[in-house]
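See structure below.
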Amino acid sequence: MSKSKTLAELSEESGVPARTIRFYIARGLLDGPVKAGRGAVYTTGHLARLEKIKALQAEGRMLAEIAHDLNGPPVERAVPPSPWWQHAIQDDVIVWVRGDVSPWRMKQIRAAVNDIASRLQEPESSNARRNRK
Amino acid sequence: MSTAASFAPLKAATGKAVNLSMQRLWLTGQVLPAGARLLVQHVFQSEEDKALEVIYSFPLPRDAALRRFRITGEGFEAHSELKETEAAVKAYEAGILRGSLSTLARQYGDGVVNLTVGNIRPKETITVHLEMLCGVELRDDGFRFRFPFTLAPAYHARAKAAVTAPGEGEMELPADEFGDVILPGFREDASLLHQVGFELSMVSQLELDEIGSPSHAVRVRQDGGRWARIALAAEKDVPNRDLVLDARFKSVEPQVLAGRDKDGKGRFAAIVPSSSFGVTNEAPRRVVILLDRSGSMHGEPLLQARRAIDACLGMLSETDGFGLVAFDNQVSTFQPALVAGTREFRDKAHEFLMQVKAGGGTELVRGFLEGAKLLEGGGGDILILTDGQVSGTEKILADARSAGVRLHCLGIGSASQDRFLALLARETGGVSRFVTPRERVDLPAVDLFATVGRPIVSGLTASANIQPEPPSLVFKGTPVLLFGDAGETGENQIELSWQGGRLNLPVKSSENDIGETVWLLQGSRLITDWESRYPTSEAWAPLEKRKQSRVAAQLLALSQTYGLASREMSLVAVVKRAGDRPGQLPETRVVPVGMAQDTAFRAYFLSQAGEAMDAMPADASGFLAAMAPASIERARRGTAMEFTTLFSRGDAVGKFGNASRRAETAEDILLELASRIDSDGGMPGKNSESRAGATVIAVLAFLSQGHTPTIGAFRSHVARLVSFLQSLTGLSSHQQEMVAAVVELARKGAAPTGEWITLARTSGDHWKEVERGVRKGAIPL
């Protein structure tokens, strides 16, 4: 069974600062501790992974690449890249906006979505009054 | 539900908001001609259901040091402690382990700071009020204040960069040189990032004539001439460029800012304009111009730099020697040795410049070593035109010092490398200027070149209570800044002496808090100077090994004396609160910044085949996570691009169009005139009469735009033109009379009304227009 380590011990043994270890965990390069909370511990598996990351960095790889390599091949997708943003403007309304439009267009879209959102926030009666005008 | 909140990106998988972890950065404080004392407010907010550790990276402005911070949240307020960096990191980590809110402000190489706030609780808002001191760029007639709202990517031979999503890039620096510094993500579009803004006061001993900003729309309120309040005109802005403020004094004269520090001791900062030394230097020059042609200079900066060099060469006479070097990863030299400033060599230099194209990295050291080789054995100066976007600046500074050449820097950029270029110039005995790409680059270059190679004072020394030592050389247009103490009485005398001169300035402390500020400014300046002096091996050493370093010892002593942070001492605060959860693992978020305005994203970040690299796990990347799951293209395998590839020629996409499409201004015409001046100081022509006519018109054209033999960017050109006119013989008595009248006008610094700029562009005989103009009489400029 792997010997348990605290974050400080893992940092000491690997030579990787604790803050960097947390950063790696957040980026998915490294698994989180095996137990959460006060008794959070790390294993020799964590240490081995950190050594692997260091070795790959020494070969000139970026963290982004290393995460890619260590986490296995990604799922191939045929859809061309196109970021979309979700805006949940009400509990029952979600607006999707393409994320790579020009800034002026984004401004225009924002204004329109803001308008819809504020109209949906108003009580039904004021909406009805507005529609009657 | 607020619509503002609805605009936060959402995780596609869960539909939950991934809010920006830093919401707002607001700058307040006081700007003086000797430097600024600033308070930077950072508002961090977690809309998530877990504790966060947020890292915000920023570059220090010139001559800057962090003093302290105050951290506030609901029901608490805490203050930072200054500790040796190793101890500060330990205290921070201990706080994190205990589950307490912990904050660390730590400085790394190149003046990059990581402000890390850990254990921000879910739904909590935390504000860090960070106090810092910084310098300003001084000129005889005013000063420029610059504060970075973003951190620009920079060239390093071993750096790696990649696109992580459309319009998003990240960069990593080698850990053996930069330690555990974390750089921000870079966003091509900064409009959805945290908001920035400012409200500053400005205080001067001399009356302030004009205050403006080439970077932001500002509201300025002036009161009594010596005080002003400057605020962002809009409600908020985006983090994609530096704040740049310019102030101009009504008069040019020495000023002494003096007061008592918190212990009652008199402290002062004195600004002595170069005009106070009252000397001019017309000795022949030996100058090398170094042109950065790296990818990030693509577009208008390079076009303007080329034209500026042409005009600079117009200042040279046949007794002057010049060299020209263009560099990126490679170095191209115009001639293997300095050449005389003859027409022939200047024409060849022009042809050389026309071949210069942007692309490649910024191997600054190679450039100035080549320049030093050209100057070998004879002394002289190097003028560098660069955006200065480089990392590993301590190594460059060490190389520059050992090269033994004087470097003058004209920095061009919307995001700060001001600290580095100011140091590069100062540490080698030169002067620096920094302009934004949306300003004219050519005129400041001409202005700076007019001073290069001709110090007006050498061997300057000051009385013993001045620290740091004043520069040995003084150049026209750049004042000398002195910090010192005025003892218990608060009164003192500054004694300056140099070869052939002496100057005394009285110091009288007033009963205000300016003494404390100037003392802190002195500390931040001293710390910055020492920060730049790490021998390379020491600069790169891990903390525990750096303890042996002489520079580290000096920095420790300075940090302790002045209470300011440095690479050796950091600021830390741990706030113990009820409900702290020991052992919880906060999730790290790195605050992204906008790409520097006018810097092409593709100049630094290219994905293979233009694809977004699937680099980050969806849960860990705010904006990438916001994409719809089906829309994320998984690249075959993301590959970090080497800089040699990234900076390949033609890859950089400049924002600016072709300069020739821009409407021609009077300054454009003056630049063209300046570049045509012959090596004897006159305008070209087929005989002495036509040369005299063209030269007279050129002088009037310069005078009409405010450039005289002593004032303005083209002062050296005007002085040479006038000198040529004075040397003329063989003209008709009428022409001689006109020439004498124009020389007199130049002496007075006045031009008669007339279309001199238009005439300067028109060939032919203009003696009649000159006569009419001269007879109409001079008007004061």
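Order determines the names: the first chain of the structure tokens is A, the second B, and so forth; residues in each chain are numbered 1 upward, and ligands are numbered 1 upward as they are shown.
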Determine which residues of stretch 439-569 of chain B DSSP labels as strand (DSSP E or B) from the backbone of this structure, then write them out as a count of residues only.
-> 31
Mind the document's chain letters and residue numbers, and return as a PyMOL selection string the residues of stretch 240-438 of chain B that DSSP labels helix (DSSP H, G or I).
-> chain B and resi 274-277+295-297+300-313+343-354+364-375+393-403+418-428
Residue neighbourhood B:Arg260, 9 Å, only C-alpha atoms, exclusion window fewer than 6 positions, as a VMD selection string = chain B and resid 266 to 268 486 488 490 509 to 516
Shell around stretch 594-597 of chain B at 9 Å using only C-alpha atoms, local window under 2 positions removed, as a PyMOL selection string = chain B and resi 149-153+185-191+193+238-242+413-415+437+592+599-601
Any idea what's packed within 8 Å of stretch 314-328 of chain B, counting only C-alpha atoms, ignoring anything in its chain fewer than 6 positions away? Could you give it as a PyMOL selection string?
-> chain B and resi 284-295+334-335+337-342+349+356+359-364+366-367+370-371+374+450+674-681+716-717+720
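We find atom CA of B:Ala760 and atom CA of B:Ala701 to be spaced 6.7 Å apart.
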Please, what distance in Å, to one decimal, runs between atom CA of B:Asn119 and atom CA of A:Glu51?
->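 Value for the atom CA of B:Asn119-atom CA of A:Glu51 distance: 27.1 Å.
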Please provide as a PyMOL selection string all residues within 12 Å of B:Lys90, with the sequence filter that same-chain residues fewer than 5 positions apart are discarded (counting only C-alpha atoms).
-> (chain A and resi 8+11+17-19) or (chain B and resi 83-85+95-97+102-104+570-574)
Any idea what's packed within 9 Å of B:Ala462, counting only C-alpha atoms, ignoring anything in its chain fewer than 5 positions away? Could you give it as a VMD selection string?
-> chain B and resid 469 to 470 482 494 to 498
Just write the chosen residues, N, CA, C and O atoms, as a PDB file, in the first residue's frame.
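Listing of part00.pdb after writing:
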```
ATOM      1  N   GLU B 469      23.389  57.320  -5.834  1.00  0.00           N
ATOM      2  CA  GLU B 469      24.325  58.268  -6.437  1.00  0.00           C
ATOM      3  C   GLU B 469      23.699  58.874  -7.688  1.00  0.00           C
ATOM      4  O   GLU B 469      23.003  58.174  -8.430  1.00  0.00           O
ATOM      5  N   PRO B 470      23.935  60.144  -7.955  1.00  0.00           N
ATOM      6  CA  PRO B 470      23.383  60.710  -9.191  1.00  0.00           C
ATOM      7  C   PRO B 470      24.090  60.113 -10.406  1.00  0.00           C
ATOM      8  O   PRO B 470      25.196  59.578 -10.281  1.00  0.00           O
ATOM      9  N   LEU B 482      17.133  63.365  -7.486  1.00  0.00           N
ATOM     10  CA  LEU B 482      17.978  63.093  -6.313  1.00  0.00           C
ATOM     11  C   LEU B 482      17.099  62.861  -5.086  1.00  0.00           C
ATOM     12  O   LEU B 482      16.123  63.587  -4.884  1.00  0.00           O
ATOM     13  N   ILE B 494      21.722  71.041  -1.213  1.00  0.00           N
ATOM     14  CA  ILE B 494      22.191  70.029  -2.168  1.00  0.00           C
ATOM     15  C   ILE B 494      23.343  70.647  -2.949  1.00  0.00           C
ATOM     16  O   ILE B 494      23.192  71.717  -3.544  1.00  0.00           O
ATOM     17  N   GLU B 495      24.466  69.967  -2.929  1.00  0.00           N
ATOM     18  CA  GLU B 495      25.626  70.476  -3.671  1.00  0.00           C
ATOM     19  C   GLU B 495      25.927  69.536  -4.821  1.00  0.00           C
ATOM     20  O   GLU B 495      26.232  68.367  -4.615  1.00  0.00           O
ATOM     21  N   LEU B 496      25.821  70.073  -6.015  1.00  0.00           N
ATOM     22  CA  LEU B 496      26.137  69.294  -7.207  1.00  0.00           C
ATOM     23  C   LEU B 496      27.366  69.887  -7.867  1.00  0.00           C
ATOM     24  O   LEU B 496      27.467  71.116  -7.995  1.00  0.00           O
ATOM     25  N   SER B 497      28.286  69.033  -8.271  1.00  0.00           N
ATOM     26  CA  SER B 497      29.435  69.567  -9.008  1.00  0.00           C
ATOM     27  C   SER B 497      29.766  68.628 -10.155  1.00  0.00           C
ATOM     28  O   SER B 497      29.484  67.432 -10.094  1.00  0.00           O
ATOM     29  N   TRP B 498      30.312  69.202 -11.198  1.00  0.00           N
ATOM     30  CA  TRP B 498      30.685  68.426 -12.382  1.00  0.00           C
ATOM     31  C   TRP B 498      31.856  69.112 -13.055  1.00  0.00           C
ATOM     32  O   TRP B 498      32.277  70.196 -12.596  1.00  0.00           O
TER      33      TRP B 498
END
```
Taken to one decimal, the atom CA of B:Gly135-atom CA of B:Pro254 distance is 17.9 Å
